[in-house]
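Data from target22.txt: compact mmCIF, C-alpha atoms
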```txt
# COMPACT_ATOMS: atom_id res chain seq x y z
CA MET A 25 87.97 88.33 69.49
CA LYS A 26 88.82 88.13 73.16
CA SER A 27 92.31 87.06 74.01
CA VAL A 28 94.57 87.83 76.93
CA GLU A 29 96.69 89.90 74.56
CA HIS A 30 93.66 91.91 73.54
CA ILE A 31 92.87 92.57 77.21
CA PHE A 32 96.41 93.75 77.89
CA ASN A 33 96.08 96.12 74.93
CA LEU A 34 92.83 97.48 76.35
CA LEU A 35 94.38 97.95 79.79
CA SER A 36 97.41 99.69 78.34
CA GLU A 37 95.04 102.50 77.36
CA ILE A 38 94.44 103.24 81.06
CA PRO A 39 96.75 105.98 82.34
CA ASP A 40 98.26 105.92 85.80
CA PRO A 41 95.98 108.25 87.82
CA GLU A 42 98.88 110.24 89.21
CA ILE A 43 101.39 110.05 86.36
CA PRO A 44 99.16 110.07 83.27
CA VAL A 45 102.03 109.76 80.75
CA ILE A 46 102.49 106.10 81.62
CA SER A 47 99.88 103.37 81.59
CA ILE A 48 99.06 100.95 84.38
CA ILE A 49 100.64 98.23 82.21
CA ASP A 50 103.87 100.27 81.94
CA LEU A 51 103.86 100.57 85.73
CA GLY A 52 103.75 96.79 86.10
CA VAL A 53 100.83 96.57 88.53
CA ILE A 54 98.69 94.23 86.42
CA ARG A 55 100.04 90.78 87.30
CA GLU A 56 97.64 88.44 85.56
CA VAL A 57 94.57 88.43 83.35
CA LYS A 58 92.38 85.37 83.16
CA LEU A 59 89.38 84.78 80.90
CA VAL A 60 87.01 82.82 83.10
CA ASP A 61 84.40 82.52 80.35
CA ASP A 62 83.24 84.60 77.41
CA LYS A 63 81.70 87.26 79.64
CA THR A 64 83.76 87.02 82.81
CA ILE A 65 87.29 88.16 83.43
CA GLU A 66 89.61 88.07 86.41
CA VAL A 67 92.37 90.64 86.81
CA LYS A 68 95.12 90.37 89.41
CA ILE A 69 96.55 93.68 90.49
CA THR A 70 99.37 94.47 92.91
CA PRO A 71 99.82 97.75 94.79
CA THR A 72 102.99 99.79 94.28
CA TYR A 73 102.86 100.83 97.95
CA SER A 74 100.64 99.37 100.71
CA GLY A 75 98.78 102.61 101.19
CA CYS A 76 98.87 103.96 97.64
CA PRO A 77 95.62 105.94 97.32
CA ALA A 78 95.66 105.53 93.52
CA MET A 79 94.97 101.78 93.75
CA LYS A 80 91.22 102.23 94.17
CA GLN A 81 91.17 104.53 91.17
CA MET A 82 93.10 101.98 89.10
CA GLU A 83 90.67 99.22 90.04
CA ASP A 84 87.71 101.39 89.10
CA ASP A 85 89.34 102.29 85.78
CA VAL A 86 90.06 98.63 84.98
CA ARG A 87 86.50 97.64 85.80
CA LYS A 88 85.04 100.46 83.72
CA LYS A 89 87.27 99.72 80.73
CA LEU A 90 86.40 96.03 80.65
CA LEU A 91 82.69 96.57 81.21
CA GLU A 92 82.70 98.99 78.29
CA ASN A 93 84.38 96.39 76.12
CA GLY A 94 81.98 93.52 76.27
CA PHE A 95 82.52 91.90 79.64
CA ASP A 96 79.62 91.49 82.05
CA LYS A 97 81.57 90.51 85.07
CA VAL A 98 84.96 91.77 86.16
CA ILE A 99 86.64 90.21 89.18
CA ILE A 100 89.57 92.19 90.57
CA ASN A 101 91.84 90.53 93.07
CA THR A 102 94.72 92.20 94.90
CA VAL A 103 97.90 90.15 95.19
CA TYR A 104 100.83 91.11 97.43
CA ASN A 105 103.39 88.48 96.60
CA PRO A 106 105.80 88.92 94.91
CA PRO A 107 105.76 92.56 96.03
CA TRP A 108 105.82 95.24 93.35
CA SER A 109 109.26 96.40 92.30
CA SER A 110 110.35 99.49 90.41
CA ASP A 111 112.31 97.04 88.23
CA TRP A 112 108.97 96.20 86.59
CA ILE A 113 108.65 99.62 85.00
CA ASN A 114 109.48 99.00 81.35
CA GLN A 115 112.12 100.83 79.35
CA GLU A 116 109.67 102.78 77.24
CA ALA A 117 107.92 104.05 80.37
CA ARG A 118 111.23 105.14 81.88
CA LEU A 119 111.81 107.42 78.91
CA LYS A 120 108.27 108.77 79.17
CA LEU A 121 108.82 109.52 82.87
CA GLN A 122 111.98 111.42 82.08
CA GLU A 123 110.27 113.50 79.40
CA TYR A 124 107.51 114.25 81.90
CA GLY A 125 110.07 115.62 84.39
CA ILE A 126 110.33 112.64 86.73
CA ALA A 127 113.71 110.92 86.93
CA PRO A 128 113.15 107.16 86.50
CA PRO A 129 114.72 104.73 88.99
CA GLU A 130 118.41 104.54 88.09
CA GLU A 131 119.28 101.45 90.01
CA ASN A 132 118.19 97.89 89.93
CA THR A 133 116.90 96.62 93.27
CA THR A 134 119.24 93.66 93.06
CA ASP A 135 122.23 95.88 93.80
CA LYS A 136 120.62 97.02 97.08
CA SER A 137 122.41 100.35 97.11
CA PHE A 138 119.05 102.01 97.78
CA LEU A 139 119.03 100.40 101.22
CA THR A 140 122.34 101.81 102.29
CA GLY A 141 121.26 105.35 101.55
CA LYS A 142 123.83 105.90 98.83
CA PRO A 143 121.84 105.92 95.61
CA LYS A 144 123.62 105.97 92.30
CA THR A 145 123.87 109.28 90.54
CA VAL A 146 120.45 110.49 89.50
CA THR A 147 120.27 112.34 86.18
CA CYS A 148 118.34 115.62 86.06
CA PRO A 149 115.35 115.00 83.76
CA ARG A 150 115.53 118.57 82.45
CA CYS A 151 119.16 119.40 81.68
CA LYS A 152 120.54 115.82 81.95
CA SER A 153 123.24 116.91 84.38
CA LYS A 154 124.51 114.27 86.77
CA ASN A 155 125.39 116.89 89.35
CA THR A 156 122.30 116.31 91.51
CA ILE A 157 121.54 115.84 95.21
CA MET A 158 118.73 114.25 97.18
CA ILE A 159 116.75 116.87 99.11
CA SER A 160 114.27 114.50 100.68
CA GLN A 161 114.01 110.74 100.87
CA PHE A 162 110.24 111.19 100.52
CA GLY A 163 108.26 113.14 97.94
CA SER A 164 104.86 114.21 96.69
CA THR A 165 103.60 110.62 96.44
CA ALA A 166 104.64 107.36 98.08
CA CYS A 167 106.61 106.31 95.00
CA LYS A 168 108.80 109.40 94.72
CA ALA A 169 111.72 111.14 96.42
CA LEU A 170 112.78 114.76 95.97
CA HIS A 171 116.05 115.66 94.26
CA GLN A 172 117.63 118.85 93.02
CA CYS A 173 119.92 119.60 90.10
CA LYS A 174 122.93 121.66 91.11
CA ASP A 175 123.47 122.88 87.55
CA CYS A 176 120.03 124.08 86.45
CA LEU A 177 118.91 124.37 90.10
CA GLU A 178 115.52 122.80 89.40
CA ALA A 179 114.03 120.51 92.01
CA PHE A 180 112.61 117.33 90.52
CA ASP A 181 110.86 114.10 91.49
CA TYR A 182 112.80 110.85 91.45
CA PHE A 183 110.90 107.58 91.14
CA LYS A 184 112.09 105.63 94.20
CA CYS A 185 113.85 102.39 93.63
CA ILE A 186 112.24 99.59 95.65
CA MET B 18 91.23 78.23 121.28
CA THR B 19 90.99 77.10 117.67
CA THR B 20 93.55 77.99 115.02
CA GLN B 21 91.00 80.27 113.43
CA GLU B 22 90.41 82.17 116.68
CA ALA B 23 94.14 82.45 117.27
CA LEU B 24 94.78 83.69 113.74
CA PHE B 25 92.06 86.32 114.11
CA LYS B 26 93.56 87.54 117.36
CA TYR B 27 97.08 87.56 115.97
CA THR B 28 96.22 89.35 112.73
CA LEU B 29 94.01 91.83 114.54
CA ARG B 30 96.86 92.74 116.87
CA LEU B 31 99.28 93.28 113.99
CA GLY B 32 96.61 95.43 112.33
CA ASP B 33 95.98 97.43 115.52
CA ASN B 34 99.70 98.11 115.93
CA SER B 35 99.77 99.49 112.40
CA ILE B 36 96.70 101.71 112.35
CA ILE B 37 97.25 103.21 115.80
CA LEU B 38 100.83 104.16 114.96
CA ALA B 39 99.77 105.49 111.55
CA GLN B 40 97.04 107.61 113.13
CA ARG B 41 99.59 109.07 115.53
CA LEU B 42 102.01 109.89 112.71
CA CYS B 43 99.20 111.61 110.80
CA GLU B 44 98.94 114.16 113.58
CA TRP B 45 102.20 115.61 112.25
CA THR B 46 100.54 116.43 108.92
CA SER B 47 101.04 120.13 108.20
CA LYS B 48 102.83 120.49 111.54
CA GLY B 49 106.19 118.95 110.62
CA PRO B 50 109.34 120.87 111.53
CA PHE B 51 109.87 121.62 107.83
CA LEU B 52 108.29 120.69 104.54
CA GLU B 53 110.45 117.65 103.71
CA GLU B 54 109.77 116.09 107.10
CA ASP B 55 106.08 116.77 106.75
CA LEU B 56 106.18 114.83 103.48
CA ALA B 57 108.24 112.08 105.05
CA LEU B 58 105.88 111.46 107.92
CA THR B 59 102.72 111.53 105.83
CA ASN B 60 104.32 109.07 103.41
CA ILE B 61 105.40 106.78 106.23
CA ALA B 62 101.96 107.00 107.84
CA LEU B 63 100.35 106.09 104.52
CA ASP B 64 102.47 102.95 104.13
CA ILE B 65 101.64 101.88 107.67
CA PHE B 66 97.92 102.60 107.21
CA GLY B 67 98.00 100.51 104.05
CA ARG B 68 99.54 97.63 105.93
CA GLY B 69 97.00 98.04 108.73
CA LYS B 70 94.13 97.97 106.27
CA SER B 71 95.38 94.76 104.65
CA LEU B 72 95.80 93.13 108.05
CA LEU B 73 92.38 94.16 109.37
CA GLU B 74 90.79 93.08 106.09
CA TYR B 75 92.36 89.68 106.54
CA ALA B 76 91.40 89.53 110.24
CA ALA B 77 87.78 90.21 109.31
CA ARG B 78 87.90 87.48 106.67
CA VAL B 79 89.39 84.99 109.13
CA GLU B 80 86.77 85.88 111.75
CA ASN B 81 84.01 85.34 109.18
CA LYS B 82 81.26 87.08 111.15
CA GLY B 83 80.29 89.64 108.54
CA ARG B 84 82.55 92.41 109.83
CA ASN B 85 84.97 94.24 107.56
CA GLU B 86 88.12 96.29 108.17
CA ASP B 87 86.11 99.45 108.77
CA HIS B 88 84.07 97.78 111.51
CA LEU B 89 87.26 96.66 113.17
CA ALA B 90 88.94 100.06 112.94
CA PHE B 91 86.00 102.31 113.73
CA HIS B 92 83.53 100.38 115.83
CA ARG B 93 85.64 99.01 118.64
CA THR B 94 86.41 100.74 121.93
CA ASP B 95 89.84 101.26 123.47
CA ARG B 96 89.47 98.13 125.61
CA GLN B 97 89.06 96.09 122.45
CA PHE B 98 92.28 97.29 120.83
CA THR B 99 95.30 95.11 121.43
CA ASN B 100 98.13 97.25 120.07
CA ASN B 101 101.43 97.68 121.90
CA LEU B 102 101.35 100.69 124.20
CA ILE B 103 104.32 102.31 122.45
CA CYS B 104 102.23 102.83 119.27
CA GLU B 105 99.68 105.03 121.04
CA GLN B 106 102.16 107.24 122.95
CA ASP B 107 101.79 110.94 122.22
CA ASN B 108 104.01 112.50 119.57
CA GLY B 109 105.71 114.86 122.00
CA ASP B 110 108.49 116.74 120.24
CA TYR B 111 110.19 115.54 117.08
CA ALA B 112 112.86 113.69 119.03
CA LYS B 113 110.21 111.64 120.82
CA SER B 114 108.38 110.80 117.59
CA MET B 115 111.62 109.74 115.90
CA ILE B 116 112.84 107.64 118.81
CA ARG B 117 109.46 105.90 119.03
CA GLN B 118 109.67 105.29 115.28
CA ALA B 119 113.23 103.94 115.39
CA LEU B 120 112.40 101.48 118.20
CA ILE B 121 109.35 100.26 116.26
CA ASP B 122 110.98 100.21 112.81
CA CYS B 123 113.84 98.09 114.10
CA PHE B 124 111.39 95.62 115.66
CA ASP B 125 108.96 95.60 112.73
CA LEU B 126 111.65 94.91 110.17
CA MET B 127 112.73 91.80 112.08
CA LEU B 128 109.14 90.74 112.75
CA TYR B 129 107.96 91.02 109.15
CA THR B 130 111.15 89.45 107.81
CA GLU B 131 110.34 86.38 109.94
CA LEU B 132 106.64 86.56 109.07
CA SER B 133 107.50 86.41 105.38
CA LYS B 134 108.50 82.77 106.03
CA SER B 135 105.09 81.91 107.55
CA LYS B 136 102.91 79.07 106.30
CA ASP B 137 100.03 81.51 105.90
CA GLU B 138 100.16 82.85 102.36
CA THR B 139 98.23 86.05 103.02
CA LEU B 140 100.52 87.02 105.89
CA VAL B 141 103.53 86.19 103.72
CA GLY B 142 102.26 88.55 101.02
CA ILE B 143 101.63 91.42 103.42
CA ALA B 144 105.00 90.84 105.10
CA ALA B 145 106.94 90.72 101.83
CA LYS B 146 105.42 94.04 100.84
CA SER B 147 106.08 95.59 104.25
CA ILE B 148 109.77 94.63 104.40
CA LYS B 149 110.65 97.00 101.56
CA GLU B 150 108.68 99.85 103.08
CA ILE B 151 109.95 99.44 106.63
CA THR B 152 113.54 99.29 105.37
CA TYR B 153 112.99 102.71 103.86
CA HIS B 154 111.32 104.08 107.03
CA LYS B 155 114.07 102.72 109.24
CA ARG B 156 116.74 104.53 107.29
CA HIS B 157 114.86 107.74 107.99
CA SER B 158 114.20 107.24 111.72
CA PHE B 159 117.69 105.89 112.45
CA SER B 160 119.30 108.89 110.78
CA TRP B 161 117.27 111.23 113.00
CA VAL B 162 118.26 109.43 116.19
CA ASP B 163 121.87 109.91 115.17
CA ARG B 164 121.34 113.55 114.26
CA PHE B 165 119.52 114.40 117.49
CA GLY B 166 121.91 112.47 119.72
CA ASN B 167 125.00 114.00 118.15
CA GLY B 168 123.42 117.38 117.41
CA THR B 169 123.18 120.30 119.79
CA GLU B 170 123.04 120.14 123.57
CA GLU B 171 119.31 120.83 123.35
CA SER B 172 118.59 118.09 120.79
CA HIS B 173 120.70 115.62 122.74
CA GLU B 174 118.86 116.38 125.94
CA ARG B 175 115.45 116.02 124.33
CA ALA B 176 116.40 112.75 122.64
CA GLN B 177 117.67 111.34 125.93
CA LYS B 178 114.48 112.41 127.72
CA ALA B 179 112.35 110.75 125.02
CA LEU B 180 114.35 107.54 125.24
CA ASN B 181 113.95 107.53 129.03
CA GLU B 182 110.19 107.92 128.64
CA LEU B 183 109.71 105.35 125.92
CA TRP B 184 112.05 102.57 126.94
CA ARG B 185 109.56 101.08 129.43
CA PHE B 186 107.21 100.26 126.56
CA THR B 187 109.69 98.10 124.65
CA GLY B 188 109.27 95.00 126.80
CA GLU B 189 105.85 94.47 125.24
CA PHE B 190 107.39 93.82 121.83
CA PHE B 191 108.54 90.43 123.05
CA GLU B 192 105.47 89.26 124.95
CA MET B 193 103.61 86.25 123.68
CA GLU B 194 100.32 84.69 124.66
CA GLU B 195 98.25 81.59 123.95
CA ALA B 196 97.37 82.62 120.40
CA ASP B 197 101.04 83.16 119.53
CA GLU B 198 102.11 79.85 120.98
CA LEU B 199 99.40 77.95 119.15
CA LEU B 200 100.24 79.60 115.83
CA ILE B 201 104.00 79.19 116.28
CA LYS B 202 103.42 75.43 116.52
CA GLU B 203 101.53 75.59 113.25
CA GLY B 204 104.33 77.53 111.59
CA ILE B 205 102.12 80.60 111.10
CA ALA B 206 103.16 83.14 113.75
CA VAL B 207 106.61 84.47 114.58
CA ASP B 208 108.41 83.51 117.78
CA VAL B 209 109.48 87.05 118.72
CA LYS B 210 111.92 85.74 121.33
CA SER B 211 113.95 84.31 118.49
CA PHE B 212 115.20 87.75 117.50
CA GLN B 213 115.05 89.61 120.83
CA ALA B 214 118.82 89.46 121.33
CA LYS B 215 119.40 90.66 117.78
CA TRP B 216 117.00 93.58 118.29
CA GLU B 217 118.67 94.59 121.56
CA GLU B 218 122.08 94.45 119.93
CA GLU B 219 121.05 96.65 117.02
CA ILE B 220 119.28 99.16 119.27
CA LYS B 221 122.27 99.30 121.61
CA ALA B 222 124.56 100.03 118.67
CA LEU B 223 122.20 102.72 117.37
CA PHE B 224 122.07 104.59 120.68
CA LEU B 225 125.76 104.14 121.36
CA LYS B 226 126.54 105.77 118.03
CA ALA B 227 124.07 108.54 118.85
CA ASN B 228 125.80 109.08 122.20
CA LEU B 229 122.57 108.33 124.08
CA THR B 230 122.31 106.14 127.16
CA LEU B 231 119.86 103.26 127.37
CA PRO B 232 117.99 103.32 130.69
CA GLU B 233 118.79 100.40 132.97
CA ASN B 234 116.62 98.32 135.30
CA VAL B 235 113.42 99.88 134.05
CA PHE B 236 110.03 98.49 135.01
CA MET B 237 108.47 97.31 131.76
CA GLN B 238 104.92 98.53 131.29
CA THR B 239 102.44 96.04 129.89
CA GLY B 240 98.71 95.73 129.13
CA GLY B 241 98.13 96.30 125.41
CA ARG B 242 97.33 92.66 124.66
CA LYS B 243 94.65 92.68 127.35
CA GLY B 244 93.20 95.97 126.15
CA ILE B 245 94.52 97.88 129.14
CA HIS B 246 96.00 101.00 127.63
CA THR B 247 97.62 104.27 128.63
CA GLU B 248 95.30 107.27 128.71
CA HIS B 249 96.43 108.32 125.21
CA LEU B 250 94.57 105.67 123.25
CA ALA B 251 91.00 106.73 124.01
CA TYR B 252 91.72 110.30 122.91
CA LEU B 253 93.30 109.04 119.71
CA LEU B 254 90.28 106.85 118.97
CA ALA B 255 87.86 109.65 119.74
CA GLU B 256 89.37 111.60 116.90
CA MET B 257 89.90 108.68 114.52
CA GLN B 258 86.41 107.27 115.00
CA ALA B 259 84.44 110.52 115.23
CA LEU B 260 82.93 110.42 111.77
CA PRO B 261 81.90 106.76 111.59
CA ARG B 262 80.44 107.01 115.09
CA MET B 263 78.41 110.05 114.16
CA TYR B 264 77.33 108.57 110.83
CA PRO B 265 77.49 104.78 111.25
CA ASP B 266 76.22 104.15 107.71
CA ALA B 267 78.75 106.42 106.03
CA LYS B 268 80.70 104.72 103.23
CA TRP B 269 83.95 105.76 101.56
```

What would you get if you wrote out this structure as structure tokens?
Amino acid sequence: MKSVEHIFNLLSEIPDPEIPVISIIDLGVIREVKLVDDKTIEVKITPTYSGCPAMKQMEDDVRKKLLENGFDKVIINTVYNPPWSSDWINQEARLKLQEYGIAPPEENTTDKSFLTGKPKTVTCPRCKSKNTIMISQFGSTACKALHQCKDCLEAFDYFKCI
Amino acid sequence: MTTQEALFKYTLRLGDNSIILAQRLCEWTSKGPFLEEDLALTNIALDIFGRGKSLLEYAARVENKGRNEDHLAFHRTDRQFTNNLICEQDNGDYAKSMIRQALIDCFDLMLYTELSKSKDETLVGIAAKSIKEITYHKRHSFSWVDRFGNGTEESHERAQKALNELWRFTGEFFEMEEADELLIKEGIAVDVKSFQAKWEEEIKALFLKANLTLPENVFMQTGGRKGIHTEHLAYLLAEMQALPRMYPDAKW
């Protein structure tokens, strides 16, 4: 039985290419799924960052998954508006990120503190200390910044709040 | 000029501004002053490349002559690029790169904020996405201007020299031509004059805080919109386009 819910379940089996502990559904990049007819499906996807090199991989993974599950034609459209927000990462995924060693975004974009350069306290994903500092506003991928825990001294990735 | 022709020209120019600047920033890859800055610049370049790709993709679609974004990026000559001259200027030292970036970030944030109110839905989407990214970039470049200006004697001197060199390219930000005027009437393009005073005010405040002096009575260099560039662009393109020119059928 093909329903939109079923499709979302299928897509939630696709891991993020760079952070495999969360799925592309957890990440919030799949904006809409439309059953055009019994064999054709349209998926709307939004990039996390304009130049995110993982987007192509995600599109390929979505296409492959749906073709393997009974669809003959998969149309993937990129949408930019509304722009992706770290607020769309669900609660469950935030916990998974933390267990994986990446501090999830602590703030909500509506409070705008990320723009003023004074982020709220970021919790160390390893020892849970709040005594941390930002080392670099930019990190190993477009979506992350680099922080360091002043208690356990580990450097860790922080998922940027945008 | 039809609306379609104007929109192609306008979108192409926005795309050119993005990819040329991004290509320049990429030259810092593995050569940054320290690791964190290397990461910062590659990340910033990536965002700007992404924006450039979206814009050129859209320009190609508007043109509707069977070209795609790769054709536009890799199979045009310097005379066919319409980017602002400031985007192609050499990286120089880190002070020069950061001052160039701060001048552009400040302008781009205002431009894309206005563009996000356009009647063209595709441009609105690209602009909405870009606003968040440029805000983040601007925080970075502005903090460096402050640090260099108020840093050591050496850093101050270099920052002032860079500002003196680059200031003459800022007049081009606020130039408009037939395509702009046509699209402004249609509610698609941004009237850049509408925020010129605001830009000047913010830039003045930035450099005042950094203890740097804005050059006065400078002759403003122009030519980018007509494809008349400084000598830097052709060298940049030679590198950027080398592979597709050698292997025109190569695909990603």

Residues of chain A within 9 Å of chain B, all atoms listed in the file counted, as a PDB file with C-alpha atoms, in the coordinates of the input:
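Final output, saved to iface.pdb:
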```
ATOM      1  CA  TYR A  73     102.860 100.830  97.950  1.00  0.00           C
ATOM      2  CA  SER A  74     100.640  99.370 100.710  1.00  0.00           C
ATOM      3  CA  GLY A  75      98.780 102.610 101.190  1.00  0.00           C
ATOM      4  CA  CYS A  76      98.870 103.960  97.640  1.00  0.00           C
ATOM      5  CA  PRO A  77      95.620 105.940  97.320  1.00  0.00           C
ATOM      6  CA  VAL A 103      97.900  90.150  95.190  1.00  0.00           C
ATOM      7  CA  TYR A 104     100.830  91.110  97.430  1.00  0.00           C
ATOM      8  CA  ASN A 105     103.390  88.480  96.600  1.00  0.00           C
ATOM      9  CA  PRO A 106     105.800  88.920  94.910  1.00  0.00           C
ATOM     10  CA  PRO A 107     105.760  92.560  96.030  1.00  0.00           C
ATOM     11  CA  TRP A 108     105.820  95.240  93.350  1.00  0.00           C
ATOM     12  CA  PHE A 138     119.050 102.010  97.780  1.00  0.00           C
ATOM     13  CA  LEU A 139     119.030 100.400 101.220  1.00  0.00           C
ATOM     14  CA  THR A 140     122.340 101.810 102.290  1.00  0.00           C
ATOM     15  CA  GLY A 141     121.260 105.350 101.550  1.00  0.00           C
ATOM     16  CA  ILE A 159     116.750 116.870  99.110  1.00  0.00           C
ATOM     17  CA  SER A 160     114.270 114.500 100.680  1.00  0.00           C
ATOM     18  CA  GLN A 161     114.010 110.740 100.870  1.00  0.00           C
ATOM     19  CA  PHE A 162     110.240 111.190 100.520  1.00  0.00           C
ATOM     20  CA  GLY A 163     108.260 113.140  97.940  1.00  0.00           C
ATOM     21  CA  SER A 164     104.860 114.210  96.690  1.00  0.00           C
ATOM     22  CA  THR A 165     103.600 110.620  96.440  1.00  0.00           C
ATOM     23  CA  ALA A 166     104.640 107.360  98.080  1.00  0.00           C
ATOM     24  CA  LEU A 170     112.780 114.760  95.970  1.00  0.00           C
ATOM     25  CA  ILE A 186     112.240  99.590  95.650  1.00  0.00           C
TER      26      ILE A 186
END
```

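One distance worth recording is that between CA of Ser135 (chain B) and CA of Ala214 (chain B), which is 20.9 Å.
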
**For Leu90 (chain A), the nearest of the candidates A:Met158, A:Val53, A:Ala78, A:Leu35, counting only C-alpha atoms** = A:Leu35

**Contacts of Glu178 (chain A) within 9 Å, only C-alpha atoms, excl. fewer than 6 positions in-chain, as a PyMOL selection string** = chain A and resi 148+150+171-172

**Complete:** Nearest to Gln122 (chain A), restricted to all atoms listed in the file and choosing among A:Leu91, A:Ile43, A:Cys185, A:Leu34, comes out as A:Ile43

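Reported to one decimal place, the separation of CA of Thr70 (chain A) from CA of Ile100 (chain A) is 10.3 Å.
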
**Prompt:** Can you list, as a ChimeraX atom specification, every protein, DNA or RNA residue that comes within 9 Å of region 84-87 of chain A when you count only C-alpha atoms, leaving out same-chain residues fewer than 5 positions away?
**Reply:** /A:35,38-39,67,79,92,97-100

**Prompt:** With distances taken over only C-alpha atoms, which of B:Asp197, B:Tyr129, B:His249, B:Asp266 is nearest to Ala23 (chain B)?
**Reply:**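 Using only C-alpha atoms, Ala23 (chain B) sits closest to B:Asp197.
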
**Message:** Just to confirm, what's the straight-line distance from CA of Met127 (chain B) to CA of Leu31 (chain B) in Å (one decimal)?
**Reply:**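 Distance between the two atoms: 13.7 Å.
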
**Prompt:** Taking all atoms listed in the file into account, which of B:Glu192, B:Asp87, B:Asp33, B:Glu44 comes nearest Arg262 (chain B)?
**Reply:**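 Smallest distance to Arg262 (chain B) is found for B:Asp87.
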
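Using all atoms listed in the file, the protein and nucleic acid residues lying no more than 6 Å from Lys174 (chain A), apart from those fewer than 3 places from it along its own chain, are Asn155, Thr156 and Leu177 of chain A.
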